[in-house]
file coords-v7.cif (mmCIF, C-alpha atoms)
data_entry
#
loop_
_atom_site.label_atom_id
_atom_site.label_comp_id
_atom_site.auth_asym_id
_atom_site.auth_seq_id
_atom_site.Cartn_x
_atom_site.Cartn_y
_atom_site.Cartn_z
CA MET W 13 -2.29 -57.49 1.14
CA SER W 14 1.43 -57.92 1.79
CA ALA W 15 2.78 -56.69 5.09
CA PHE W 16 5.51 -54.94 3.11
CA VAL W 17 3.19 -52.46 1.36
CA VAL W 18 3.96 -48.92 2.53
CA LYS W 19 3.21 -45.76 0.56
CA GLY W 20 4.99 -42.41 0.42
CA TRP W 21 8.48 -43.50 1.34
CA CYS W 22 11.65 -44.86 -0.24
CA PRO W 23 12.29 -48.58 0.14
CA ASP W 24 15.61 -49.99 1.26
CA ALA W 25 16.85 -53.53 1.79
CA TRP W 26 15.34 -53.94 5.25
CA ARG W 27 12.08 -52.21 4.29
CA PRO W 28 11.15 -53.42 0.82
CA MET W 29 8.10 -52.16 -1.04
CA MET W 30 5.58 -54.24 -2.95
CA ALA W 31 5.12 -53.44 -6.65
CA GLY W 32 3.19 -55.20 -9.38
CA ASP W 33 6.14 -57.49 -10.15
CA GLY W 34 7.08 -58.30 -6.55
CA LEU W 35 9.11 -56.66 -3.81
CA LEU W 36 11.51 -53.80 -4.53
CA VAL W 37 14.73 -54.12 -2.54
CA ARG W 38 17.01 -51.11 -2.75
CA VAL W 39 20.73 -50.98 -1.98
CA ARG W 40 22.55 -47.69 -1.34
CA PRO W 41 26.25 -48.38 -1.94
CA ARG W 42 28.69 -46.61 0.34
CA LEU W 43 30.38 -43.77 -1.58
CA GLY W 44 28.18 -44.82 -4.50
CA ARG W 45 30.77 -47.48 -5.33
CA VAL W 46 30.34 -51.25 -5.70
CA PRO W 47 33.43 -53.47 -6.01
CA ARG W 48 33.41 -55.93 -8.88
CA ALA W 49 32.93 -59.07 -6.77
CA ALA W 50 30.06 -57.51 -4.83
CA LEU W 51 28.36 -56.37 -8.03
CA LEU W 52 28.58 -59.83 -9.57
CA GLY W 53 27.15 -61.22 -6.34
CA LEU W 54 24.29 -58.72 -6.39
CA CYS W 55 23.46 -59.64 -10.00
CA ARG W 56 23.42 -63.35 -9.17
CA ALA W 57 21.24 -62.69 -6.13
CA ALA W 58 18.83 -60.72 -8.34
CA LEU W 59 18.54 -63.73 -10.63
CA ARG W 60 18.13 -66.17 -7.77
CA HIS W 61 15.70 -64.24 -5.57
CA GLY W 62 14.07 -61.73 -7.94
CA ASN W 63 13.06 -61.43 -11.57
CA GLY W 64 16.59 -60.58 -12.72
CA GLU W 65 15.91 -56.88 -13.37
CA ILE W 66 17.98 -54.17 -11.68
CA ASP W 67 17.16 -50.46 -11.64
CA VAL W 68 19.56 -47.56 -11.13
CA THR W 69 17.55 -45.01 -9.17
CA SER W 70 17.60 -41.21 -9.26
CA ARG W 71 19.19 -41.35 -5.79
CA ALA W 72 22.14 -43.41 -7.04
CA GLY W 73 20.84 -46.67 -5.63
CA LEU W 74 20.56 -50.17 -7.06
CA GLN W 75 17.08 -51.64 -6.92
CA ILE W 76 16.47 -55.37 -7.23
CA ARG W 77 13.01 -56.02 -8.65
CA GLY W 78 10.53 -58.86 -8.47
CA VAL W 79 11.78 -60.31 -5.19
CA ARG W 80 9.53 -63.09 -3.90
CA GLU W 81 8.40 -62.68 -0.31
CA ASP W 82 9.63 -66.15 0.60
CA SER W 83 13.08 -65.24 -0.82
CA TRP W 84 13.46 -61.84 0.82
CA ARG W 85 15.35 -63.07 3.89
CA ALA W 86 17.72 -65.15 1.77
CA LEU W 87 18.40 -62.07 -0.37
CA ILE W 88 19.13 -60.02 2.76
CA ASP W 89 21.61 -62.66 3.91
CA ALA W 90 23.32 -62.55 0.51
CA LEU W 91 23.57 -58.74 0.57
CA LEU W 92 24.97 -58.85 4.11
CA GLU W 93 27.62 -61.35 3.05
CA LEU W 94 28.55 -59.10 0.14
CA GLY W 95 28.91 -56.12 2.48
CA LEU W 96 26.30 -54.11 0.57
CA ILE W 97 23.93 -53.37 3.45
CA ASP W 98 24.30 -52.57 7.13
CA PRO W 99 23.45 -55.40 9.54
CA HIS W 100 21.42 -53.02 11.70
CA PRO W 101 17.98 -52.22 10.24
CA GLY W 102 17.39 -48.50 10.08
CA VAL W 103 20.96 -47.45 9.35
CA ASP W 104 20.56 -47.76 5.59
CA ALA W 105 17.33 -45.75 5.77
CA ARG W 106 19.24 -42.86 7.37
CA ALA W 107 22.16 -43.18 4.97
CA ALA W 108 20.30 -41.57 2.07
CA LEU W 109 23.44 -39.94 0.78
CA ILE W 110 24.29 -39.13 -2.86
CA VAL W 111 27.99 -38.62 -3.57
CA ALA W 112 29.47 -36.93 -6.63
CA PRO W 113 30.55 -40.00 -8.61
CA ASP W 114 33.88 -38.69 -9.88
CA HIS W 115 35.47 -38.43 -6.43
CA VAL W 116 38.98 -39.73 -5.85
CA PRO W 117 40.56 -40.86 -2.57
CA GLY W 118 41.54 -37.92 -0.40
CA ASP W 119 39.54 -35.21 -2.17
CA ASP W 120 36.86 -33.19 -0.35
CA THR W 121 33.96 -35.31 -1.58
CA HIS W 122 35.62 -38.57 -0.52
CA ARG W 123 36.70 -37.11 2.85
CA LEU W 124 33.35 -35.59 3.74
CA ALA W 125 31.27 -38.55 2.59
CA GLY W 126 33.34 -40.84 4.79
CA ALA W 127 32.85 -38.48 7.72
CA MET W 128 29.11 -38.36 7.08
CA TYR W 129 28.77 -42.14 7.09
CA ALA W 130 30.61 -42.25 10.41
CA ARG W 131 27.98 -39.98 11.95
CA ILE W 132 24.78 -41.44 10.55
CA ALA W 133 23.68 -42.48 14.04
CA GLU W 134 23.60 -38.82 15.09
CA LEU W 135 20.88 -37.94 12.59
CA PRO W 136 17.32 -37.63 13.87
CA GLU W 137 14.50 -39.71 12.44
CA LEU W 138 13.70 -38.02 9.13
CA PRO W 139 10.84 -38.37 6.64
CA GLY W 140 11.42 -41.26 4.26
CA LYS W 141 12.39 -39.22 1.19
CA VAL W 142 14.76 -36.74 2.88
CA GLY W 143 18.36 -37.13 1.78
CA PHE W 144 21.80 -35.53 1.59
CA ALA W 145 24.34 -34.80 -1.13
CA ILE W 146 28.11 -34.41 -0.89
CA ASP W 147 29.14 -32.54 -4.03
CA ALA W 148 32.48 -31.02 -3.10
CA GLY W 149 34.39 -31.15 -6.38
CA THR W 150 35.65 -28.07 -8.19
CA ALA W 151 32.06 -27.35 -9.33
CA PRO W 152 28.69 -28.87 -8.38
CA VAL W 153 27.43 -31.74 -10.52
CA LEU W 154 24.51 -32.95 -8.37
CA HIS W 155 22.41 -29.78 -8.55
CA GLU W 156 19.54 -31.65 -10.25
CA ALA W 157 19.77 -34.77 -8.08
CA PRO W 158 17.20 -35.08 -5.27
CA ALA W 159 18.67 -33.97 -1.95
CA ASP W 160 17.40 -31.82 0.92
CA PHE W 161 20.73 -30.76 2.40
CA ARG W 162 23.93 -30.33 0.39
CA ILE W 163 27.58 -29.65 0.81
CA GLU W 164 28.83 -28.17 -2.44
CA ARG W 165 31.41 -25.80 -3.85
CA GLY W 166 30.52 -22.15 -3.36
CA ALA W 167 31.08 -19.28 -5.76
CA SER W 168 34.10 -18.09 -3.74
CA GLY W 169 35.79 -21.48 -4.13
CA GLY W 170 35.17 -22.68 -0.58
CA LEU W 171 32.53 -25.15 0.58
CA ILE W 172 28.99 -24.21 1.55
CA ALA W 173 26.06 -26.03 3.11
CA ARG W 174 22.81 -25.33 1.31
CA ALA W 175 19.24 -26.29 2.11
CA GLU W 176 17.13 -27.31 -0.87
CA GLY W 177 14.85 -24.51 -2.05
CA ARG W 178 17.35 -21.86 -0.93
CA HIS W 179 19.50 -20.22 -3.59
CA ARG W 180 22.38 -19.50 -1.25
CA GLY W 181 24.23 -21.44 1.38
CA THR W 182 26.37 -20.82 4.44
CA PRO W 183 30.18 -20.99 4.23
CA LEU W 184 31.73 -23.93 6.05
CA GLY W 185 34.77 -23.93 8.26
CA GLN W 186 37.36 -26.70 7.92
CA GLY W 187 36.38 -29.64 10.10
CA ARG W 188 32.85 -28.31 10.78
CA GLU W 189 31.19 -29.44 7.56
CA ILE W 190 29.38 -32.52 8.88
CA ASP W 191 28.51 -30.73 12.14
CA THR W 192 26.51 -28.31 10.01
CA LEU W 193 24.68 -31.05 8.06
CA VAL W 194 23.73 -32.87 11.25
CA ALA W 195 22.59 -29.61 12.85
CA LEU W 196 20.47 -28.74 9.79
CA ALA W 197 18.77 -32.13 9.96
CA ARG W 198 17.99 -31.63 13.65
CA TRP W 199 16.71 -28.09 13.01
CA PHE W 200 14.47 -29.45 10.23
CA VAL W 201 12.82 -31.93 12.60
CA GLU W 202 12.59 -29.51 15.52
CA THR W 203 10.84 -26.87 13.37
CA GLY W 204 8.17 -29.24 12.03
CA GLY W 205 9.85 -30.35 8.85
CA ALA W 206 8.34 -33.80 9.14
CA ASP W 207 4.95 -32.26 8.36
CA SER W 208 6.33 -30.75 5.15
CA GLY W 209 8.08 -33.96 4.18
CA ARG W 210 10.86 -32.27 2.17
CA MET W 211 13.13 -29.31 2.78
CA ALA W 212 11.99 -27.48 -0.37
CA ARG W 213 8.44 -27.39 1.06
CA HIS W 214 9.52 -26.34 4.56
CA ALA W 215 8.77 -22.65 5.05
CA ALA W 216 10.57 -22.11 8.37
CA ALA W 217 13.32 -19.47 8.33
CA LEU W 218 16.78 -20.94 8.53
CA PRO W 219 18.66 -20.39 11.80
CA THR W 220 21.16 -17.56 11.93
CA TRP W 221 24.11 -19.96 11.92
CA ALA W 222 22.89 -21.31 8.55
CA ARG W 223 22.05 -17.98 6.96
CA GLU W 224 21.99 -17.72 3.18
CA GLN W 225 25.18 -15.90 2.25
CA GLU W 226 26.88 -17.44 -0.76
CA PRO W 227 25.55 -18.95 -4.00
CA PRO W 228 26.93 -22.24 -5.28
CA ALA W 229 29.58 -22.18 -7.97
CA MET W 230 28.47 -22.50 -11.57
CA PRO W 231 27.56 -26.16 -12.10
CA ALA W 232 29.74 -28.44 -14.18
CA PRO W 233 28.22 -30.60 -16.91
CA ARG W 234 27.09 -33.99 -15.70
CA ILE W 235 28.99 -37.07 -16.80
CA ARG W 236 28.12 -38.14 -20.34
CA PRO W 237 28.16 -41.67 -21.71
CA GLY W 238 31.49 -42.68 -23.16
CA VAL W 239 35.14 -42.55 -22.16
CA HIS W 240 35.81 -40.91 -18.78
CA PRO W 241 39.09 -40.26 -16.94
CA LEU W 242 38.13 -43.00 -14.47
CA GLY W 243 37.04 -45.51 -17.11
CA LEU W 244 33.80 -45.73 -19.07
CA ALA W 245 30.42 -44.13 -18.38
CA VAL W 246 27.60 -46.41 -19.49
CA ALA W 247 23.98 -45.25 -19.77
CA LEU W 248 21.09 -47.61 -19.10
CA PRO W 249 17.83 -46.98 -20.98
CA PHE W 250 15.22 -45.96 -18.40
CA GLY W 251 17.76 -46.82 -15.71
CA ARG W 252 17.31 -50.58 -16.00
CA ILE W 253 19.53 -53.51 -16.88
CA ALA W 254 19.02 -57.24 -16.87
CA ALA W 255 21.31 -58.89 -14.34
CA ALA W 256 22.28 -61.55 -16.89
CA ALA W 257 23.41 -58.88 -19.39
CA PHE W 258 25.38 -57.12 -16.69
CA ILE W 259 27.14 -60.35 -15.72
CA ARG W 260 28.06 -61.03 -19.35
CA TRP W 261 29.58 -57.59 -19.69
CA LEU W 262 31.51 -57.77 -16.42
CA GLU W 263 32.92 -61.15 -17.40
CA ALA W 264 33.93 -59.73 -20.80
CA GLU W 265 35.69 -56.78 -19.11
CA PRO W 266 37.97 -58.29 -16.43
CA ALA W 267 39.76 -54.96 -15.93
CA ILE W 268 36.73 -53.40 -14.21
CA GLY W 269 37.58 -53.13 -10.53
CA ALA W 270 34.41 -51.38 -9.36
CA VAL W 271 31.31 -49.62 -10.64
CA ARG W 272 30.09 -46.24 -9.40
CA VAL W 273 26.38 -45.58 -9.39
CA THR W 274 25.21 -42.13 -10.55
CA PRO W 275 21.82 -40.41 -10.21
CA TRP W 276 21.62 -40.06 -14.01
CA ARG W 277 20.75 -43.64 -15.01
CA MET W 278 24.42 -44.21 -15.69
CA LEU W 279 27.18 -46.34 -14.26
CA LEU W 280 30.79 -45.20 -14.15
CA CYS W 281 32.87 -48.32 -14.66
CA GLU W 282 36.39 -47.95 -13.33
CA ALA W 283 39.10 -48.96 -15.81
CA ALA W 284 36.62 -50.18 -18.43
CA ALA W 285 37.61 -49.50 -22.01
CA ALA W 286 34.73 -50.74 -24.15
CA ILE W 287 31.43 -52.56 -24.30
CA GLY W 288 32.39 -56.21 -24.17
CA SER W 289 29.38 -57.82 -25.83
CA PRO W 290 27.74 -56.32 -28.94
CA ALA W 291 24.64 -58.38 -28.09
CA ASP W 292 24.12 -56.13 -25.08
CA SER W 293 24.57 -52.82 -26.92
CA ASP W 294 20.90 -51.91 -26.42
CA ALA W 295 21.27 -52.33 -22.66
CA LEU W 296 24.63 -50.59 -22.23
CA ILE W 297 24.89 -47.33 -24.17
CA VAL W 298 28.04 -45.28 -24.65
CA ASP W 299 26.72 -43.00 -27.42
CA PRO W 300 25.49 -39.78 -25.74
CA THR W 301 23.32 -38.98 -28.79
CA ALA W 302 21.29 -42.22 -28.62
CA PRO W 303 17.60 -41.17 -28.93
CA VAL W 304 16.45 -43.43 -26.10
CA LEU W 305 18.52 -41.37 -23.67
CA ARG W 306 16.20 -38.41 -24.33
CA ALA W 307 13.23 -40.42 -23.07
CA ASP W 308 11.91 -40.83 -19.54
CA ALA W 309 9.45 -43.62 -18.81
CA CYS W 310 8.34 -45.21 -15.57
CA VAL W 311 8.15 -48.98 -15.25
CA GLY W 312 4.49 -48.88 -16.37
CA ALA W 313 1.98 -51.71 -16.35
CA PRO W 314 1.95 -54.45 -15.24
CA ALA W 315 5.00 -53.95 -13.00
CA CYS W 316 3.41 -50.93 -11.28
CA PRO W 317 -0.12 -51.47 -9.96
CA GLN W 318 -0.91 -47.76 -10.38
CA ALA W 319 0.07 -47.62 -14.05
CA ASN W 320 -2.68 -47.55 -16.65
CA ALA W 321 -0.64 -48.80 -19.62
CA ALA W 322 2.72 -50.17 -20.68
CA THR W 323 5.20 -47.35 -21.22
CA ARG W 324 8.78 -48.26 -22.10
CA ALA W 325 8.29 -50.09 -25.38
CA LEU W 326 6.32 -47.11 -26.66
CA ALA W 327 8.95 -44.64 -25.39
CA ARG W 328 11.78 -46.57 -27.05
CA GLN W 329 9.90 -46.70 -30.38
CA LEU W 330 8.86 -43.06 -30.26
CA ALA W 331 12.11 -41.45 -29.01
CA PRO W 332 13.86 -41.20 -32.44
CA HIS W 333 10.88 -39.22 -33.74
CA VAL W 334 10.72 -36.63 -30.95
CA GLY W 335 13.18 -33.76 -31.22
CA GLY W 336 13.34 -32.85 -27.54
CA ARG W 337 12.66 -34.53 -24.22
CA LEU W 338 10.02 -37.28 -24.18
CA HIS W 339 8.18 -38.44 -21.07
CA VAL W 340 5.85 -41.44 -21.14
CA SER W 341 4.10 -41.87 -17.80
CA GLY W 342 1.92 -44.73 -16.66
CA CYS W 343 -0.19 -42.39 -14.54
CA ALA W 344 -0.51 -38.73 -13.61
CA LYS W 345 2.06 -39.01 -10.79
CA GLY W 346 4.92 -38.73 -13.28
CA CYS W 347 7.41 -40.71 -11.20
CA ALA W 348 10.01 -40.94 -13.96
CA ARG W 349 10.33 -37.18 -14.44
CA ALA W 350 9.23 -34.31 -12.22
CA ALA W 351 10.26 -31.53 -14.62
CA PRO W 352 8.33 -30.62 -17.79
CA ALA W 353 9.13 -32.44 -21.03
CA ASP W 354 8.78 -31.27 -24.63
CA VAL W 355 6.37 -34.14 -25.26
CA VAL W 356 4.53 -35.87 -22.43
CA LEU W 357 2.18 -38.84 -22.68
CA THR W 358 0.11 -39.72 -19.63
CA ALA W 359 -1.66 -43.07 -19.54
CA ARG W 360 -5.34 -43.12 -18.60
CA ASP W 361 -7.58 -46.18 -18.79
CA GLY W 362 -5.32 -47.94 -21.27
CA VAL W 363 -4.86 -44.96 -23.62
CA PHE W 364 -2.72 -41.82 -23.49
CA ASP W 365 -3.24 -38.09 -23.22
CA LEU W 366 -0.72 -36.01 -25.18
CA ALA W 367 0.59 -32.64 -24.03
CA PHE W 368 3.54 -30.42 -24.94
CA ASP W 369 5.99 -28.54 -22.71
CA ALA W 370 4.27 -30.00 -19.70
CA ARG W 371 4.43 -32.45 -16.81
CA ALA W 372 2.60 -35.75 -16.55
CA GLY W 373 -1.09 -35.26 -15.94
CA ALA W 374 -1.24 -31.88 -17.68
CA THR W 375 -4.31 -30.83 -19.63
CA PRO W 376 -3.93 -32.67 -22.95
CA VAL W 377 -3.82 -31.24 -26.43
CA HIS W 378 -4.98 -34.63 -27.71
CA ALA W 379 -6.78 -37.08 -25.42
CA GLY W 380 -7.46 -40.80 -25.54
CA LEU W 381 -4.82 -41.87 -28.09
CA ASP W 382 -3.73 -45.48 -28.38
CA ALA W 383 -0.13 -46.43 -29.18
CA ALA W 384 -0.76 -46.77 -32.91
CA GLN W 385 -2.33 -43.31 -33.10
CA ILE W 386 0.57 -41.79 -31.18
CA LEU W 387 3.19 -43.37 -33.43
CA ALA W 388 1.27 -42.23 -36.53
CA HIS W 389 0.99 -38.69 -35.13
CA PHE W 390 4.80 -38.46 -34.89
CA GLY W 391 5.46 -40.25 -38.17
CA ALA W 392 6.81 -43.36 -36.41
CA ALA W 393 4.22 -45.85 -37.63
#

call {"tool": "encode", "arguments": {"input": "coords-v7.cif", "output": "structure tokens"}}
result
Amino acid sequence: MSAFVVKGWCPDAWRPMMAGDGLLVRVRPRLGRVPRAALLGLCRAALRHGNGEIDVTSRAGLQIRGVREDSWRALIDALLELGLIDPHPGVDARAALIVAPDHVPGDDTHRLAGAMYARIAELPELPGKVGFAIDAGTAPVLHEAPADFRIERGASGGLIARAEGRHRGTPLGQGREIDTLVALARWFVETGGADSGRMARHAAALPTWAREQEPPAMPAPRIRPGVHPLGLAVALPFGRIAAAAFIRWLEAEPAIGAVRVTPWRMLLCEAAAAIGSPADSDALIVDPTAPVLRADACVGAPACPQANAATRALARQLAPHVGGRLHVSGCAKGCARAAPADVVLTARDGVFDLAFDARAGATPVHAGLDAAQILAHFGAA
């Protein structure tokens, strides 16, 4: 067994995780933004040291897949040279910060995220999946993104700090915003939060200085694929793109100065105007009505050793024939989607169980269906 295998935590560059297709090496870009040259370098490193596949994660990270163990150190050196990871192991693990992707220099999100990065060293050691969100635009956009502690716009128009699982937050004074986030993280650890693992499961009453007073403002719609004031929002089916396809597109679009990573399987490409290569139109989607964007599917077999069947080819073929949300899961864990879906298929021993309005692993309406039977059931055969 590889020394890298660790369960129940989120990998980063310095602590990769072994999957069925090799090591997963995750990069968390500062401010969720990757300059053009660094992104091209990351893509080339993924081809050289991995299998050339890159995932965009639900925590707005970039995940290089299929890294060979004997290439891991060379990949780390490449990422260091590109300025994409911190030279001190452990810093990136603490910097699990999601930033609203439409920030601009000088606004509250940009200001507070920069202040948070400057104080990462003050955070206590937290469980591997605990993270933060800075969502300080005119209305929250990250309300569905995974985060345990948030700064977001409150209903009164000011900023609030809110702990996940609580419907209200505490108003923040100017200049005290990051003090409150750091203090909440310390309170979480001091009150046994490590045993719960996540803030939403932590039953301890919040301290009086973080009392629940104000609800967040009404959320704004998330970014949709297509033209955006900052450039072009591009959706990636199942959050994955081949590094070679990405390089071709970047080379066809020289105006792109940087790419912002979102938690919605999308990239916001600054100054981009169009998809450069029609050959890559299946990998880079700007049509928000594309059926594949209504489908969630984990990496499946054989890339995940816990998956019981291949998933994504079936999801892509089935999506146009399912009216609502489709979830195809390689096992009952349901890693690709935690919320219920209109149609959910859960792999079991090489076949699938079918349920409706349910999560992965739910009691099936139809059990033991193979891919052909599923496609026939939905009129997709």

call {"tool": "closest_residue", "arguments": {"input": "coords-v7.cif", "among": "W:Ala264, W:Ile66, W:Leu94, W:Ala222", "to": "Gly251 of chain W", "atoms": "only C-alpha atoms"}}
result
W:Ile66

call {"tool": "resolve_selection", "arguments": {"input": "coords-v7.cif", "expression": "the PyMOL selection byres ((chain W and resi 356) around 7)", "output": "ChimeraX atom specification"}}
result
/W:338-340,353-355,357-358,366-368,370-372

call {"tool": "closest_residue", "arguments": {"input": "coords-v7.cif", "among": "W:Leu154, W:His378, W:Pro23, W:Ala229", "to": "Gly166 of chain W", "atoms": "all atoms listed in the file"}}
result
W:Ala229

call {"tool": "atom_distance", "arguments": {"input": "coords-v7.cif", "atom1": "atom CA of Arg162 of chain W", "atom2": "atom CA of Ile110 of chain W"}}
result
9.4 Å

call {"tool": "residues_near_point", "arguments": {"input": "coords-v7.cif", "point": "(27.8, -49.1, -11.8)", "cutoff": "9 Å", "atoms": "only C-alpha atoms", "output": "PyMOL selection string"}}
result
chain W and resi 44-46+51+68+74+245-246+270-274+278-282

call {"tool": "closest_atom_pairs", "arguments": {"input": "coords-v7.cif", "of": "segment 179-276 of chain W", "to": "segment 137-152 of chain W", "cutoff": "7 Å", "atoms": "all atoms listed in the file", "output": "Markdown table"}}
result
| residue | atom | partner | partner_atom | distance |
| --- | --- | --- | --- | --- |
| W:Ala206 | CA | W:Pro139 | CA | 5.8 |
| W:Gly209 | CA | W:Pro139 | CA | 5.8 |
| W:Arg210 | CA | W:Val142 | CA | 6.0 |
| W:Ala229 | CA | W:Ala151 | CA | 5.9 |
| W:Met230 | CA | W:Ala151 | CA | 6.4 |
| W:Pro231 | CA | W:Pro152 | CA | 4.7 |
| W:Ala232 | CA | W:Ala151 | CA | 5.5 |

call {"tool": "write_last_selection", "arguments": {"input": "coords-v7.cif", "atoms": "C-alpha atoms", "output": "short mmCIF file (atom, residue, chain, number, x, y, z; two decimals), in the frame of the given file"}}
result
data_model
loop_
_atom_site.label_atom_id
_atom_site.label_comp_id
_atom_site.auth_asym_id
_atom_site.auth_seq_id
_atom_site.Cartn_x
_atom_site.Cartn_y
_atom_site.Cartn_z
CA ALA W 206 8.34 -33.80 9.14
CA GLY W 209 8.08 -33.96 4.18
CA ARG W 210 10.86 -32.27 2.17
CA ALA W 229 29.58 -22.18 -7.97
CA MET W 230 28.47 -22.50 -11.57
CA PRO W 231 27.56 -26.16 -12.10
CA ALA W 232 29.74 -28.44 -14.18
#

call {"tool": "atom_distance", "arguments": {"input": "coords-v7.cif", "atom1": "atom CA of Gly238 of chain W", "atom2": "atom CA of Ala284 of chain W"}}
result
10.2 Å

call {"tool": "closest_residue", "arguments": {"input": "coords-v7.cif", "among": "W:Arg337, W:Arg71, W:Lys345, W:Arg174", "to": "Ala108 of chain W", "atoms": "all atoms listed in the file"}}
result
W:Arg71

call {"tool": "resolve_selection", "arguments": {"input": "coords-v7.cif", "expression": "the PyMOL selection byres ((chain W and resi 60) around 12)", "output": "MDAnalysis selection string"}}
result
chainID W and resid 53:59 61:65 76:80 82:84 86:87 90 255:256

call {"tool": "resolve_selection", "arguments": {"input": "coords-v7.cif", "expression": "the PyMOL selection byres ((chain W and resi 116-127) around 9)", "output": "PyMOL selection string"}}
result
chain W and resi 42-43+109-115+128-131+145-149+163-164+189-190

call {"tool": "atom_distance", "arguments": {"input": "coords-v7.cif", "atom1": "atom CA of Pro233 of chain W", "atom2": "atom CA of Cys347 of chain W"}}
result
23.8 Å

call {"tool": "residues_near_point", "arguments": {"input": "coords-v7.cif", "point": "(15.1, -44.2, -23.6)", "cutoff": "8 Å", "atoms": "only C-alpha atoms", "output": "number ranges by chain"}}
result
W: 249-250, 303-309, 324, 327-328, 331

call {"tool": "closest_residue", "arguments": {"input": "coords-v7.cif", "among": "W:Ile297, W:Gln186, W:Asp361, W:Pro228", "to": "Ile172 of chain W", "atoms": "all atoms listed in the file"}}
result
W:Pro228

call {"tool": "residues_around", "arguments": {"input": "coords-v7.cif", "residues": "Leu96 of chain W", "least_positions_apart": "3", "cutoff": "7 Å", "atoms": "all atoms listed in the file", "output": "PyMOL selection string"}}
result
chain W and resi 39+41+91-92

call {"tool": "residues_around", "arguments": {"input": "coords-v7.cif", "residues": "Glu156 of chain W", "least_positions_apart": "3", "cutoff": "10 Å", "atoms": "all atoms listed in the file", "output": "PyMOL selection string"}}
result
chain W and resi 70+152-153+159+231+234+275-276

call {"tool": "residues_around", "arguments": {"input": "coords-v7.cif", "residues": "Val194 of chain W", "least_positions_apart": "3", "cutoff": "6 Å", "atoms": "only C-alpha atoms", "output": "MDAnalysis selection string"}}
result
chainID W and resid 135 191 197

call {"tool": "residues_around", "arguments": {"input": "coords-v7.cif", "residues": "segment 310-315 of chain W", "least_positions_apart": "3", "cutoff": "7 Å", "atoms": "all atoms listed in the file", "output": "ChimeraX atom specification"}}
result
/W:31-33,319-324,341-342,347-348

call {"tool": "write_last_selection", "arguments": {"input": "coords-v7.cif", "atoms": "C-alpha atoms", "output": "PDB file, in the frame of the given file"}}
result
ATOM      1  CA  ALA W  31       5.120 -53.440  -6.650  1.00  0.00           C
ATOM      2  CA  GLY W  32       3.190 -55.200  -9.380  1.00  0.00           C
ATOM      3  CA  ASP W  33       6.140 -57.490 -10.150  1.00  0.00           C
ATOM      4  CA  ALA W 319       0.070 -47.620 -14.050  1.00  0.00           C
ATOM      5  CA  ASN W 320      -2.680 -47.550 -16.650  1.00  0.00           C
ATOM      6  CA  ALA W 321      -0.640 -48.800 -19.620  1.00  0.00           C
ATOM      7  CA  ALA W 322       2.720 -50.170 -20.680  1.00  0.00           C
ATOM      8  CA  THR W 323       5.200 -47.350 -21.220  1.00  0.00           C
ATOM      9  CA  ARG W 324       8.780 -48.260 -22.100  1.00  0.00           C
ATOM     10  CA  SER W 341       4.100 -41.870 -17.800  1.00  0.00           C
ATOM     11  CA  GLY W 342       1.920 -44.730 -16.660  1.00  0.00           C
ATOM     12  CA  CYS W 347       7.410 -40.710 -11.200  1.00  0.00           C
ATOM     13  CA  ALA W 348      10.010 -40.940 -13.960  1.00  0.00           C
TER      14      ALA W 348
END

call {"tool": "closest_residue", "arguments": {"input": "coords-v7.cif", "among": "W:Leu330, W:Ala325, W:Ala350, W:Leu296", "to": "Gln385 of chain W", "atoms": "all atoms listed in the file"}}
result
W:Leu330

call {"tool": "decode", "arguments": {"input": "coords-v7.cif", "residues": "segment 123-149 of chain W", "atoms": "C-alpha atoms", "output": "mmCIF file, in the first residue's frame"}}
result
data_model
loop_
_atom_site.group_PDB
_atom_site.id
_atom_site.type_symbol
_atom_site.label_atom_id
_atom_site.label_comp_id
_atom_site.auth_asym_id
_atom_site.auth_seq_id
_atom_site.Cartn_x
_atom_site.Cartn_y
_atom_site.Cartn_z
ATOM 1 C CA ARG W 123 -9.657 42.948 0.781
ATOM 2 C CA LEU W 124 -10.795 40.360 3.302
ATOM 3 C CA ALA W 125 -9.427 37.366 1.413
ATOM 4 C CA GLY W 126 -6.016 39.014 1.292
ATOM 5 C CA ALA W 127 -6.209 39.694 5.023
ATOM 6 C CA MET W 128 -7.213 36.092 5.692
ATOM 7 C CA TYR W 129 -4.261 34.690 3.756
ATOM 8 C CA ALA W 130 -1.939 36.926 5.777
ATOM 9 C CA ARG W 131 -3.191 35.335 8.995
ATOM 10 C CA ILE W 132 -3.313 31.669 8.043
ATOM 11 C CA ALA W 133 -0.567 30.889 10.566
ATOM 12 C CA GLU W 134 -2.846 32.033 13.388
ATOM 13 C CA LEU W 135 -5.410 29.316 12.703
ATOM 14 C CA PRO W 136 -5.394 26.244 14.934
ATOM 15 C CA GLU W 137 -4.995 22.759 13.526
ATOM 16 C CA LEU W 138 -8.412 21.959 12.067
ATOM 17 C CA PRO W 139 -10.023 18.758 10.763
ATOM 18 C CA GLY W 140 -9.067 18.098 7.157
ATOM 19 C CA LYS W 141 -12.368 19.113 5.551
ATOM 20 C CA VAL W 142 -12.996 22.327 7.519
ATOM 21 C CA GLY W 143 -12.846 25.444 5.371
ATOM 22 C CA PHE W 144 -13.737 29.120 5.067
ATOM 23 C CA ALA W 145 -15.582 31.300 2.566
ATOM 24 C CA ILE W 146 -15.217 35.007 1.846
ATOM 25 C CA ASP W 147 -18.427 36.016 0.074
ATOM 26 C CA ALA W 148 -18.606 39.760 0.631
ATOM 27 C CA GLY W 149 -20.184 41.004 -2.581
#
